[in-house]
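Asks: For reference, the file upload26.cif (mmCIF, C-alpha atoms) is included below:
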```cif
data_work
#
loop_
_atom_site.label_atom_id
_atom_site.label_comp_id
_atom_site.auth_asym_id
_atom_site.auth_seq_id
_atom_site.Cartn_x
_atom_site.Cartn_y
_atom_site.Cartn_z
CA MET A 1 175.53 34.33 152.33
CA ILE A 2 178.02 35.25 149.60
CA ILE A 3 180.28 32.66 147.99
CA LYS A 4 183.94 33.65 147.56
CA HIS A 5 185.48 32.18 144.44
CA THR A 6 186.28 34.96 141.98
CA ALA A 7 189.67 33.87 140.71
CA ALA A 8 189.06 30.15 140.91
CA LEU A 9 185.73 30.23 139.12
CA CYS A 10 186.86 32.50 136.31
CA ALA A 11 189.96 30.32 135.92
CA VAL A 12 187.71 27.31 135.38
CA VAL A 13 185.73 29.21 132.75
CA LEU A 14 188.88 30.45 131.05
CA ALA A 15 190.46 26.98 130.92
CA ALA A 16 187.31 25.49 129.46
CA ALA A 17 186.97 28.29 126.93
CA LEU A 18 190.45 27.80 125.52
CA GLY A 19 189.25 24.97 123.37
CA HIS A 20 188.72 22.00 125.65
CA ALA A 21 185.43 20.18 126.28
CA ALA A 22 182.13 22.00 125.81
CA ALA A 23 181.71 22.07 129.58
CA ALA A 24 184.41 21.69 132.21
CA PRO A 25 183.99 19.23 135.08
CA ALA A 26 182.46 20.65 138.23
CA SER A 27 184.98 22.10 140.65
CA PRO A 28 184.80 23.09 144.34
CA SER A 29 184.43 26.71 143.19
CA GLN A 30 181.29 25.86 141.21
CA ALA A 31 178.51 26.07 143.78
CA SER A 32 175.98 23.26 143.53
CA TRP A 33 173.09 25.61 142.75
CA MET A 34 174.76 27.29 139.78
CA LEU A 35 174.26 26.50 136.11
CA GLY A 36 177.43 25.46 134.32
CA PRO A 37 180.36 25.78 134.19
CA PHE A 38 180.02 27.17 130.66
CA ALA A 39 182.59 26.98 127.88
CA LYS A 40 182.60 29.39 124.98
CA ALA A 41 181.90 27.78 121.61
CA ASP A 42 185.04 29.14 120.01
CA GLY A 43 184.76 26.87 116.98
CA ALA A 44 181.46 28.50 116.03
CA ASN A 45 181.66 31.97 117.59
CA PRO A 46 180.51 34.50 116.75
CA ILE A 47 177.43 32.58 115.69
CA LEU A 48 175.66 35.62 114.19
CA LYS A 49 177.19 38.56 112.33
CA PRO A 50 175.73 41.58 110.52
CA SER A 51 174.42 41.17 106.98
CA PRO A 52 174.93 44.57 105.32
CA ASP A 53 173.20 43.58 102.06
CA THR A 54 169.94 42.32 103.57
CA LEU A 55 167.15 44.82 102.90
CA PHE A 56 163.78 45.46 104.52
CA ASP A 57 160.88 47.69 103.47
CA CYS A 58 160.69 49.98 106.48
CA PRO A 59 157.10 51.08 107.17
CA MET A 60 158.33 54.22 108.91
CA THR A 61 160.67 55.64 106.27
CA LYS A 62 158.85 54.02 103.30
CA THR A 63 162.25 53.03 101.93
CA LYS A 64 164.37 49.90 101.78
CA ILE A 65 166.64 49.70 104.86
CA ALA A 66 169.78 47.62 105.42
CA TRP A 67 168.24 46.64 108.73
CA GLU A 68 171.22 44.68 110.11
CA HIS A 69 173.96 46.61 108.39
CA ASP A 70 176.12 47.53 111.39
CA HIS A 71 175.55 45.17 114.33
CA VAL A 72 173.65 42.11 115.57
CA PHE A 73 173.72 41.34 119.29
CA ASN A 74 171.83 40.80 122.57
CA PRO A 75 169.80 37.66 121.76
CA ALA A 76 166.82 35.87 123.27
CA ALA A 77 166.50 32.11 122.68
CA VAL A 78 163.83 29.41 122.78
CA VAL A 79 163.44 25.78 121.69
CA ARG A 80 160.61 25.02 119.24
CA GLY A 81 160.04 21.86 117.22
CA GLY A 82 163.46 20.39 117.96
CA LYS A 83 165.33 23.55 116.92
CA VAL A 84 166.80 26.54 118.72
CA TYR A 85 165.44 29.91 117.66
CA ILE A 86 167.25 33.14 118.43
CA LEU A 87 165.57 36.54 118.42
CA TYR A 88 168.36 39.06 118.14
CA ARG A 89 168.75 42.81 118.12
CA SER A 90 169.97 44.30 114.86
CA GLU A 91 171.14 47.83 114.13
CA ASP A 92 171.04 49.59 110.78
CA ASN A 93 173.43 52.27 109.58
CA SER A 94 171.08 55.22 110.11
CA GLY A 95 173.16 56.75 112.91
CA ASP A 96 176.60 56.86 114.46
CA GLY A 97 177.50 55.73 117.97
CA ILE A 98 175.84 53.60 120.64
CA GLY A 99 172.10 54.29 120.90
CA ASN A 100 171.93 56.30 117.68
CA HIS A 101 170.92 53.57 115.25
CA THR A 102 167.45 52.10 114.77
CA SER A 103 167.12 48.60 116.23
CA ARG A 104 164.85 45.82 114.99
CA ILE A 105 164.51 42.22 116.17
CA GLY A 106 165.41 39.41 113.78
CA LEU A 107 164.88 35.65 113.94
CA ALA A 108 167.32 32.80 113.24
CA GLU A 109 167.02 29.02 113.63
CA SER A 110 169.43 26.16 114.23
CA LYS A 111 169.34 22.36 114.41
CA ASP A 112 172.43 22.14 116.65
CA GLY A 113 172.28 25.36 118.66
CA LEU A 114 175.45 26.77 117.11
CA HIS A 115 174.95 27.16 113.36
CA PHE A 116 172.05 29.44 112.48
CA THR A 117 170.07 30.48 109.42
CA LYS A 118 168.54 33.95 109.55
CA ARG A 119 165.11 34.97 108.41
CA PRO A 120 165.62 37.74 105.80
CA THR A 121 163.31 40.31 107.42
CA PRO A 122 162.82 41.39 111.05
CA VAL A 123 159.89 40.06 113.07
CA LEU A 124 159.51 42.97 115.53
CA PHE A 125 160.18 46.56 114.54
CA PRO A 126 158.89 50.14 114.73
CA ASP A 127 155.70 50.38 112.71
CA GLU A 128 152.72 52.63 112.09
CA ASP A 129 150.98 51.23 115.17
CA ASP A 130 149.95 52.34 118.65
CA GLN A 131 153.54 51.91 119.90
CA LYS A 132 155.09 54.22 117.33
CA SER A 133 155.78 57.05 119.77
CA ASN A 134 157.62 54.66 122.12
CA GLU A 135 159.73 52.95 119.44
CA TRP A 136 160.63 55.49 116.80
CA THR A 137 163.37 56.33 116.00
CA GLY A 138 165.40 54.17 118.38
CA GLY A 139 163.55 50.92 117.82
CA CYS A 140 163.03 47.57 119.53
CA GLU A 141 165.95 46.34 121.62
CA ASP A 142 167.30 43.57 123.86
CA PRO A 143 164.63 40.82 123.86
CA ARG A 144 164.08 38.02 126.38
CA ILE A 145 161.62 35.22 125.66
CA VAL A 146 159.65 32.58 127.60
CA GLU A 147 156.97 30.08 126.71
CA THR A 148 153.48 30.24 128.17
CA ASP A 149 151.30 27.41 129.45
CA ASP A 150 149.08 27.56 126.37
CA GLY A 151 151.98 27.00 123.98
CA GLY A 152 152.50 30.64 123.09
CA TYR A 153 155.45 32.98 123.61
CA LEU A 154 156.02 36.11 125.65
CA LEU A 155 158.74 38.52 124.60
CA THR A 156 159.97 41.33 126.84
CA TYR A 157 161.96 44.01 125.06
CA THR A 158 163.06 47.62 125.35
CA GLN A 159 161.23 50.34 123.47
CA TRP A 160 163.62 53.18 122.68
CA ASN A 161 162.46 56.46 121.16
CA ARG A 162 165.84 58.10 121.91
CA ARG A 163 164.33 59.88 124.90
CA THR A 164 163.03 57.24 127.32
CA ALA A 165 163.62 53.50 127.51
CA ARG A 166 160.49 51.50 128.40
CA LEU A 167 160.25 47.80 129.15
CA ALA A 168 157.48 46.39 126.93
CA SER A 169 155.98 43.03 126.01
CA ALA A 170 154.71 41.24 122.92
CA THR A 171 153.12 37.83 122.38
CA SER A 172 153.17 35.33 119.53
CA ARG A 173 152.09 31.83 118.55
CA ASP A 174 154.75 31.23 115.89
CA LEU A 175 157.73 33.55 116.72
CA ILE A 176 157.11 35.44 113.48
CA HIS A 177 153.88 37.37 113.99
CA TRP A 178 153.84 39.43 117.18
CA THR A 179 151.17 41.39 119.02
CA LYS A 180 152.58 44.36 120.91
CA HIS A 181 151.14 45.10 124.35
CA GLY A 182 153.12 48.23 125.17
CA PRO A 183 155.01 49.17 128.35
CA VAL A 184 154.60 46.56 131.08
CA LEU A 185 154.35 49.17 133.86
CA ALA A 186 151.87 51.44 132.08
CA LYS A 187 148.86 50.62 134.26
CA THR A 188 150.40 50.11 137.68
CA CYS A 189 150.27 52.78 140.39
CA ASN A 190 148.08 55.05 138.25
CA GLY A 191 150.74 55.33 135.59
CA LYS A 192 153.42 56.56 138.00
CA PHE A 193 156.21 54.56 136.33
CA LEU A 194 155.18 54.86 132.68
CA ASP A 195 157.90 57.40 131.85
CA VAL A 196 160.57 56.06 134.21
CA TYR A 197 163.60 54.59 132.45
CA CYS A 198 163.05 50.83 132.53
CA LYS A 199 164.44 47.81 130.68
CA SER A 200 165.66 44.18 130.86
CA GLY A 201 162.78 41.92 131.93
CA ALA A 202 163.67 38.33 132.92
CA VAL A 203 160.57 36.26 133.70
CA VAL A 204 160.86 33.41 136.22
CA THR A 205 160.35 30.02 134.54
CA ARG A 206 160.06 26.31 135.24
CA ARG A 207 161.78 23.79 133.00
CA LYS A 208 159.73 21.07 131.34
CA GLY A 209 162.05 19.07 129.12
CA ASP A 210 163.61 21.60 126.74
CA HIS A 211 160.98 24.24 127.43
CA LEU A 212 161.30 27.16 129.85
CA ILE A 213 157.73 28.07 130.74
CA ALA A 214 156.59 31.14 132.69
CA ALA A 215 155.89 29.91 136.23
CA LYS A 216 153.41 31.06 138.83
CA ILE A 217 154.49 31.31 142.47
CA ASP A 218 151.56 31.62 144.88
CA GLY A 219 149.28 32.49 141.98
CA LYS A 220 151.47 35.16 140.36
CA TYR A 221 154.09 35.35 137.65
CA TRP A 222 157.38 36.95 138.64
CA MET A 223 159.90 38.97 136.67
CA TYR A 224 163.28 40.47 137.53
CA PHE A 225 164.02 43.71 135.72
CA GLY A 226 166.22 46.76 135.78
CA GLU A 227 169.52 48.31 134.80
CA GLY A 228 171.70 49.72 137.55
CA ALA A 229 170.05 47.59 140.21
CA VAL A 230 167.72 44.62 139.77
CA TYR A 231 164.10 44.85 140.90
CA ALA A 232 161.08 42.52 140.75
CA ALA A 233 157.50 42.70 139.54
CA THR A 234 154.48 40.41 139.57
CA SER A 235 151.65 39.78 137.12
CA THR A 236 148.53 37.69 136.66
CA ASN A 237 148.43 37.96 132.85
CA LEU A 238 152.12 38.38 131.80
CA THR A 239 151.50 41.74 130.11
CA ASP A 240 150.56 44.05 133.00
CA TRP A 241 153.08 44.08 135.85
CA ASP A 242 153.18 45.53 139.37
CA PRO A 243 156.65 46.30 140.75
CA VAL A 244 157.62 45.26 144.25
CA LEU A 245 157.83 48.53 146.20
CA ASP A 246 159.74 49.68 149.26
CA ASP A 247 158.35 51.70 152.16
CA ARG A 248 158.59 54.89 150.09
CA GLY A 249 156.57 53.50 147.21
CA GLU A 250 159.59 53.14 144.94
CA TRP A 251 161.01 50.04 143.28
CA LYS A 252 162.67 47.85 145.88
CA PRO A 253 166.23 46.90 144.83
CA LEU A 254 166.99 43.20 145.24
CA LEU A 255 170.43 43.01 143.62
CA LYS A 256 172.67 46.07 143.93
CA THR A 257 176.09 47.07 142.66
CA ARG A 258 179.12 46.14 144.77
CA ALA A 259 182.34 48.12 145.04
CA GLY A 260 185.43 46.14 144.09
CA HIS A 261 183.49 43.58 142.05
CA PHE A 262 182.72 42.92 138.38
CA ASP A 263 179.29 44.50 138.99
CA SER A 264 180.58 47.65 140.70
CA ALA A 265 179.00 50.03 138.17
CA LEU A 266 175.83 48.22 137.18
CA ALA A 267 173.72 45.09 137.72
CA GLU A 268 171.21 44.18 135.01
CA SER A 269 168.88 41.25 134.37
CA GLY A 270 170.09 38.47 132.09
CA PRO A 271 168.04 35.64 130.54
CA PRO A 272 164.84 34.24 132.06
CA ALA A 273 165.40 32.92 135.59
CA VAL A 274 164.94 29.18 136.23
CA ILE A 275 163.34 27.47 139.23
CA THR A 276 165.44 24.51 140.41
CA ASP A 277 165.40 22.31 143.51
CA LYS A 278 167.85 24.81 145.07
CA GLY A 279 165.80 27.92 144.37
CA ILE A 280 165.50 30.45 141.54
CA VAL A 281 168.73 30.62 139.56
CA PHE A 282 169.12 34.10 138.09
CA LEU A 283 171.89 34.90 135.61
CA TYR A 284 172.65 38.61 135.36
CA ASN A 285 174.96 41.14 133.77
CA GLY A 286 177.45 43.28 135.66
CA LYS A 287 179.50 46.25 134.53
CA ASN A 288 182.88 46.89 136.10
CA ALA A 289 183.50 50.48 137.15
CA ASP A 290 187.28 50.71 137.15
CA ALA A 291 190.57 48.87 137.46
CA ASN A 292 190.10 48.55 141.22
CA GLY A 293 187.19 46.18 140.69
CA ASP A 294 187.19 42.46 139.98
CA PRO A 295 190.65 41.65 138.48
CA THR A 296 189.05 39.22 136.02
CA ALA A 297 186.92 41.97 134.46
CA HIS A 298 188.39 44.90 132.52
CA PRO A 299 187.37 48.46 133.41
CA GLY A 300 184.03 49.19 131.80
CA ALA A 301 183.52 45.58 130.74
CA TYR A 302 180.24 43.70 130.99
CA SER A 303 180.50 40.21 132.50
CA GLY A 304 178.04 37.60 133.77
CA GLY A 305 177.22 36.57 137.33
CA GLN A 306 174.72 34.23 138.97
CA ALA A 307 172.41 34.66 141.96
CA LEU A 308 170.05 32.39 143.86
CA PHE A 309 166.67 33.61 145.09
CA ASP A 310 164.17 31.83 147.32
CA ALA A 311 161.66 29.84 145.23
CA HIS A 312 158.87 30.63 147.72
CA ASP A 313 159.76 34.31 148.11
CA PRO A 314 161.47 35.57 144.92
CA THR A 315 162.47 38.82 146.66
CA GLN A 316 164.82 37.00 149.04
CA LEU A 317 168.42 36.72 147.83
CA ILE A 318 170.07 33.57 149.19
CA GLU A 319 173.48 33.56 147.50
CA ARG A 320 175.38 35.45 144.85
CA THR A 321 178.63 34.74 143.06
CA ASP A 322 181.43 36.92 144.29
CA GLY A 323 183.00 36.94 140.83
CA CYS A 324 181.98 36.61 137.21
CA PHE A 325 181.45 33.22 135.58
CA ILE A 326 181.89 34.58 132.05
CA THR A 327 183.79 37.70 130.96
CA PRO A 328 185.07 39.25 127.69
CA GLU A 329 188.36 37.68 126.60
CA ARG A 330 188.13 36.86 122.90
CA PRO A 331 188.70 39.30 120.03
CA TYR A 332 185.02 39.07 119.07
CA GLU A 333 184.14 40.12 122.65
CA THR A 334 186.60 43.00 122.95
CA SER A 335 186.49 44.61 119.49
CA GLY A 336 183.37 46.29 118.21
CA GLN A 337 181.31 49.35 118.94
CA TYR A 338 181.72 48.78 122.71
CA ALA A 339 185.49 48.74 122.95
CA ALA A 340 185.72 48.01 126.70
CA GLY A 341 184.45 44.50 126.01
CA THR A 342 181.05 42.91 126.46
CA VAL A 343 179.65 39.54 127.36
CA PHE A 344 175.97 40.47 127.68
CA ILE A 345 173.88 37.39 128.49
CA GLU A 346 170.22 37.33 127.44
CA GLY A 347 169.35 33.94 125.93
CA LEU A 348 169.26 30.58 127.72
CA VAL A 349 167.89 27.24 126.54
CA HIS A 350 168.07 23.61 127.56
CA PHE A 351 168.72 21.63 124.37
CA LYS A 352 170.04 18.13 123.66
CA LYS A 353 170.89 17.57 127.34
CA LYS A 354 172.98 20.73 127.55
CA TRP A 355 172.52 24.36 128.52
CA PHE A 356 173.17 26.88 125.74
CA LEU A 357 173.83 30.46 126.84
CA TYR A 358 173.63 33.15 124.15
CA TYR A 359 175.11 36.60 124.55
CA GLY A 360 175.97 39.82 122.78
CA THR A 361 179.65 40.63 122.25
CA ALA A 362 180.95 44.20 122.19
CA ASP A 363 177.48 45.32 121.03
CA SER A 364 178.40 43.88 117.62
CA PHE A 365 177.94 40.09 117.37
CA VAL A 366 176.15 37.11 118.94
CA ALA A 367 178.08 34.29 120.61
CA ALA A 368 177.32 31.10 122.53
CA ALA A 369 178.64 29.18 125.55
CA VAL A 370 177.67 25.62 126.42
CA ALA A 371 177.42 23.62 129.65
CA SER A 372 176.59 20.02 130.44
CA GLU A 373 173.28 19.33 132.12
#
```
What's the structure tokens form of this structure?

Replies:
Amino acid sequence: MIIKHTAALCAVVLAAALGHAAAAPASPSQASWMLGPFAKADGANPILKPSPDTLFDCPMTKTKIAWEHDHVFNPAAVVRGGKVYILYRSEDNSGDGIGNHTSRIGLAESKDGLHFTKRPTPVLFPDEDDQKSNEWTGGCEDPRIVETDDGGYLLTYTQWNRRTARLASATSRDLIHWTKHGPVLAKTCNGKFLDVYCKSGAVVTRRKGDHLIAAKIDGKYWMYFGEGAVYAATSTNLTDWDPVLDDRGEWKPLLKTRAGHFDSALAESGPPAVITDKGIVFLYNGKNADANGDPTAHPGAYSGGQALFDAHDPTQLIERTDGCFITPERPYETSGQYAAGTVFIEGLVHFKKKWFLYYGTADSFVAAAVASE
């Protein structure tokens, strides 16, 4: 079943974002299973900007690098010790054009979820380690983070060597020191998918207070992943994953593009999915192909949608928003290195009885939107 509320829902988001309450009242167009509605935090946005003068001793070049000189965007988020921590993608000024910089992942913290202090050096970056060939010279991109049952953290991120994108994982106890585990599909199917373009891993979680913890369903962890279409994979240890396959032995698409919609060109995983009493709520990114698509999304723009999967069978799609619930409208979302406009959602936390959604804007900044519980 597909819910039909494109114009009405985006109108609610737009009205809320124009400076009213942090979250608009629920409306008939806001399905009961959805998170939100969200309102953009215009008074604080963009919450993170580049810092051209911040230097880092790069282990690869053996020189000091302005590691977040050009852009900061595409954040993961987690609550720890009563604070929100954002792990964000930064780009230096080593190249020109999208995909031609080196990316590293930085860390910032906040007491209120909107005003952040950055750590001066990145916490995950290309290094002289066993992942060097996967990460140099493109870097570490687009993180998502979840907690684990033992109090640790799992980060999924994209390794980019400027040839092949690989979805990888890393673990930490303190958000600062990370152990890299390499591509998540390296061992499955005798290595068949190791060199297949792969990114954007959103692990399914359960909420315990302000903590989103990786959840097992019938003894396995689940993850949605993919760019273009969305697929699923399962794991018993959170680092080695087996994709759900179709009858041909290929990844089985669960969420596809749709002509005439905001996701007509691309569907891509957003932040970690959340199990609720309605099912698995999955926030995702959609790219609009052309002007004949969703009228609320500009041609080429990235906007956010929501989908509901069955909590007992995470491959079964129950409902999906017909339209976007968040789309680029503000100058900080429509001016930057991605001129078509981007609201790229990757970070989600429950904090102080609200939902905070963190997203990249125009591949240049980090912004936030807030919803009541």

Asks: Between atom CA of Ser110 of chain A and atom CA of Ser172 of chain A, what is the spacing in Å?

Replies: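 Going from atom CA of Ser172 of chain A over to atom CA of Ser110 of chain A covers 19.4 Å.
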
Asks: Could you check the closest approach to Trp67 of chain A for each of A:Phe125, A:Phe262, A:Phe365, A:Phe351 and tell me which residue wins, using only C-alpha atoms?

Replies: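 Checking each of A:Phe125, A:Phe262, A:Phe365, A:Phe351 against Trp67 of chain A, counting only C-alpha atoms, the winner is A:Phe125.
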
Asks: Have a look at atom CA of Thr121 of chain A and atom CA of Asp57 of chain A and let me know their distance in Å, one decimal.

Replies: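 Calculated distance between atom CA of Thr121 of chain A and atom CA of Asp57 of chain A is 8.7 Å.
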
Asks: Output the residue selection produced by the PyMOL selection byres ((chain A and resi 82-99) around 6) on the file above, formatted as a PDB file with C-alpha atoms, keeping the file's coordinate frame.

Replies:
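Written output follows (expr-v6.pdb):
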```pdb
ATOM      1  CA  ALA A  66     169.780  47.620 105.420  1.00  0.00           C
ATOM      2  CA  TRP A  67     168.240  46.640 108.730  1.00  0.00           C
ATOM      3  CA  GLU A  68     171.220  44.680 110.110  1.00  0.00           C
ATOM      4  CA  HIS A  69     173.960  46.610 108.390  1.00  0.00           C
ATOM      5  CA  ASP A  70     176.120  47.530 111.390  1.00  0.00           C
ATOM      6  CA  HIS A  71     175.550  45.170 114.330  1.00  0.00           C
ATOM      7  CA  VAL A  72     173.650  42.110 115.570  1.00  0.00           C
ATOM      8  CA  PHE A  73     173.720  41.340 119.290  1.00  0.00           C
ATOM      9  CA  ASN A  74     171.830  40.800 122.570  1.00  0.00           C
ATOM     10  CA  PRO A  75     169.800  37.660 121.760  1.00  0.00           C
ATOM     11  CA  ALA A  76     166.820  35.870 123.270  1.00  0.00           C
ATOM     12  CA  ALA A  77     166.500  32.110 122.680  1.00  0.00           C
ATOM     13  CA  VAL A  78     163.830  29.410 122.780  1.00  0.00           C
ATOM     14  CA  VAL A  79     163.440  25.780 121.690  1.00  0.00           C
ATOM     15  CA  ARG A  80     160.610  25.020 119.240  1.00  0.00           C
ATOM     16  CA  GLY A  81     160.040  21.860 117.220  1.00  0.00           C
ATOM     17  CA  ASN A 100     171.930  56.300 117.680  1.00  0.00           C
ATOM     18  CA  HIS A 101     170.920  53.570 115.250  1.00  0.00           C
ATOM     19  CA  THR A 102     167.450  52.100 114.770  1.00  0.00           C
ATOM     20  CA  SER A 103     167.120  48.600 116.230  1.00  0.00           C
ATOM     21  CA  ARG A 104     164.850  45.820 114.990  1.00  0.00           C
ATOM     22  CA  ILE A 105     164.510  42.220 116.170  1.00  0.00           C
ATOM     23  CA  GLY A 106     165.410  39.410 113.780  1.00  0.00           C
ATOM     24  CA  LEU A 107     164.880  35.650 113.940  1.00  0.00           C
ATOM     25  CA  ALA A 108     167.320  32.800 113.240  1.00  0.00           C
ATOM     26  CA  GLU A 109     167.020  29.020 113.630  1.00  0.00           C
ATOM     27  CA  SER A 110     169.430  26.160 114.230  1.00  0.00           C
ATOM     28  CA  LYS A 111     169.340  22.360 114.410  1.00  0.00           C
ATOM     29  CA  GLY A 113     172.280  25.360 118.660  1.00  0.00           C
ATOM     30  CA  GLU A 141     165.950  46.340 121.620  1.00  0.00           C
ATOM     31  CA  ASP A 142     167.300  43.570 123.860  1.00  0.00           C
TER      32      ASP A 142
END
```

Asks: Report the residues retrieved by the PyMOL selection byres ((chain A and resi 182) around 8) from the displayed file, expressed as an MDAnalysis selection string.

Replies: chainID A and resid 131 168:170 180:181 183:184 186

Asks: So the first atom is atom CA of Gly260 of chain A and the second is atom CA of Ser29 of chain A; what is the distance between them in Å, to one decimal place?

Replies: 19.5 Å

Asks: Any chance you could resolve the PyMOL selection byres ((chain A and resi 306) around 12) against this file and give the residues as an NGL selection string?

Replies: :A and (2-3 or 6 or 9 or 30-37 or 255 or 262-263 or 267-271 or 273-274 or 280-286 or 303-305 or 307-309 or 317-326 or 345)

Asks: Using all atoms listed in the file, which residues sit within 12 Å of Val146 of chain A once same-chain residues fewer than 3 positions away are excluded, as a ChimeraX atom specification?

Replies: /A:76-80,85-87,143,149-157,169-173,175,201-207,210-215,221,223,238,271-274,346-349

Asks: How would the residues just chosen look if you wrote them out with C-alpha atoms as a PDB file, keeping the file's coordinate frame?

Replies:
```pdb
ATOM      1  CA  ALA A  76     166.820  35.870 123.270  1.00  0.00           C
ATOM      2  CA  ALA A  77     166.500  32.110 122.680  1.00  0.00           C
ATOM      3  CA  VAL A  78     163.830  29.410 122.780  1.00  0.00           C
ATOM      4  CA  VAL A  79     163.440  25.780 121.690  1.00  0.00           C
ATOM      5  CA  ARG A  80     160.610  25.020 119.240  1.00  0.00           C
ATOM      6  CA  TYR A  85     165.440  29.910 117.660  1.00  0.00           C
ATOM      7  CA  ILE A  86     167.250  33.140 118.430  1.00  0.00           C
ATOM      8  CA  LEU A  87     165.570  36.540 118.420  1.00  0.00           C
ATOM      9  CA  PRO A 143     164.630  40.820 123.860  1.00  0.00           C
ATOM     10  CA  ASP A 149     151.300  27.410 129.450  1.00  0.00           C
ATOM     11  CA  ASP A 150     149.080  27.560 126.370  1.00  0.00           C
ATOM     12  CA  GLY A 151     151.980  27.000 123.980  1.00  0.00           C
ATOM     13  CA  GLY A 152     152.500  30.640 123.090  1.00  0.00           C
ATOM     14  CA  TYR A 153     155.450  32.980 123.610  1.00  0.00           C
ATOM     15  CA  LEU A 154     156.020  36.110 125.650  1.00  0.00           C
ATOM     16  CA  LEU A 155     158.740  38.520 124.600  1.00  0.00           C
ATOM     17  CA  THR A 156     159.970  41.330 126.840  1.00  0.00           C
ATOM     18  CA  TYR A 157     161.960  44.010 125.060  1.00  0.00           C
ATOM     19  CA  SER A 169     155.980  43.030 126.010  1.00  0.00           C
ATOM     20  CA  ALA A 170     154.710  41.240 122.920  1.00  0.00           C
ATOM     21  CA  THR A 171     153.120  37.830 122.380  1.00  0.00           C
ATOM     22  CA  SER A 172     153.170  35.330 119.530  1.00  0.00           C
ATOM     23  CA  ARG A 173     152.090  31.830 118.550  1.00  0.00           C
ATOM     24  CA  LEU A 175     157.730  33.550 116.720  1.00  0.00           C
ATOM     25  CA  GLY A 201     162.780  41.920 131.930  1.00  0.00           C
ATOM     26  CA  ALA A 202     163.670  38.330 132.920  1.00  0.00           C
ATOM     27  CA  VAL A 203     160.570  36.260 133.700  1.00  0.00           C
ATOM     28  CA  VAL A 204     160.860  33.410 136.220  1.00  0.00           C
ATOM     29  CA  THR A 205     160.350  30.020 134.540  1.00  0.00           C
ATOM     30  CA  ARG A 206     160.060  26.310 135.240  1.00  0.00           C
ATOM     31  CA  ARG A 207     161.780  23.790 133.000  1.00  0.00           C
ATOM     32  CA  ASP A 210     163.610  21.600 126.740  1.00  0.00           C
ATOM     33  CA  HIS A 211     160.980  24.240 127.430  1.00  0.00           C
ATOM     34  CA  LEU A 212     161.300  27.160 129.850  1.00  0.00           C
ATOM     35  CA  ILE A 213     157.730  28.070 130.740  1.00  0.00           C
ATOM     36  CA  ALA A 214     156.590  31.140 132.690  1.00  0.00           C
ATOM     37  CA  ALA A 215     155.890  29.910 136.230  1.00  0.00           C
ATOM     38  CA  TYR A 221     154.090  35.350 137.650  1.00  0.00           C
ATOM     39  CA  MET A 223     159.900  38.970 136.670  1.00  0.00           C
ATOM     40  CA  LEU A 238     152.120  38.380 131.800  1.00  0.00           C
ATOM     41  CA  PRO A 271     168.040  35.640 130.540  1.00  0.00           C
ATOM     42  CA  PRO A 272     164.840  34.240 132.060  1.00  0.00           C
ATOM     43  CA  ALA A 273     165.400  32.920 135.590  1.00  0.00           C
ATOM     44  CA  VAL A 274     164.940  29.180 136.230  1.00  0.00           C
ATOM     45  CA  GLU A 346     170.220  37.330 127.440  1.00  0.00           C
ATOM     46  CA  GLY A 347     169.350  33.940 125.930  1.00  0.00           C
ATOM     47  CA  LEU A 348     169.260  30.580 127.720  1.00  0.00           C
ATOM     48  CA  VAL A 349     167.890  27.240 126.540  1.00  0.00           C
TER      49      VAL A 349
END
```

Asks: Could you give me, as a CSV table (one decimal) with C-alpha atoms, in the frame of the given file, the residues that have an atom at most 10 Å away from the point (174.2, 30.3, 111.4) in the coordinates of the file, using only C-alpha atoms?

Replies:
```csv
chain,number,residue,atom,x,y,z
A,44,ALA,CA,181.5,28.5,116.0
A,45,ASN,CA,181.7,32.0,117.6
A,46,PRO,CA,180.5,34.5,116.8
A,47,ILE,CA,177.4,32.6,115.7
A,48,LEU,CA,175.7,35.6,114.2
A,49,LYS,CA,177.2,38.6,112.3
A,108,ALA,CA,167.3,32.8,113.2
A,109,GLU,CA,167.0,29.0,113.6
A,110,SER,CA,169.4,26.2,114.2
A,111,LYS,CA,169.3,22.4,114.4
A,112,ASP,CA,172.4,22.1,116.6
A,113,GLY,CA,172.3,25.4,118.7
A,114,LEU,CA,175.4,26.8,117.1
A,115,HIS,CA,175.0,27.2,113.4
A,116,PHE,CA,172.0,29.4,112.5
A,117,THR,CA,170.1,30.5,109.4
A,118,LYS,CA,168.5,34.0,109.6
```

Asks: Between A:His350, A:Leu167, A:Tyr358, A:Ile145, which is the closest to Ser372 of chain A once you count all atoms listed in the file?

Replies: A:His350

Asks: Using all atoms listed in the file for the distances, tell me which of A:Thr236, A:Gly279, A:Ser364, A:Ala339 is nearest to Gly219 of chain A.

Replies: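 Selected residue with least distance to Gly219 of chain A: A:Thr236.
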
Asks: Pick from A:Ala311, A:Ile65, A:Ala301, A:Ala229: nearest to Pro328 of chain A, with only C-alpha atoms counted?

Replies: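 Residue with the minimum atom-to-atom distance to Pro328 of chain A: A:Ala301.
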
Asks: Give me the box for segment 172-186 of chain A as AutoDock Vina command-line options, namely the centre and edge lengths in Å to one decimal of a box along x, y and z that holds every listed atom plus 6 Å on each side.

Replies:
```
--center_x 154.4 --center_y 41.3 --center_z 123.7 --size_x 18.6 --size_y 32.2 --size_z 32.4
```

Asks: Considering all atoms listed in the file, return as a list in words whatever protein or nucleic-acid residues lie within 7 Å of Asn288 of chain A, sequence-local ones (same chain, fewer than 4 positions apart) excluded.

Replies: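 In the requested form, the answer reads His261, Phe262, Asp263, Ser264, Ala265, Gly293, Ala297, His298, Pro299, Gly300, Ala301 and Tyr302 of chain A.
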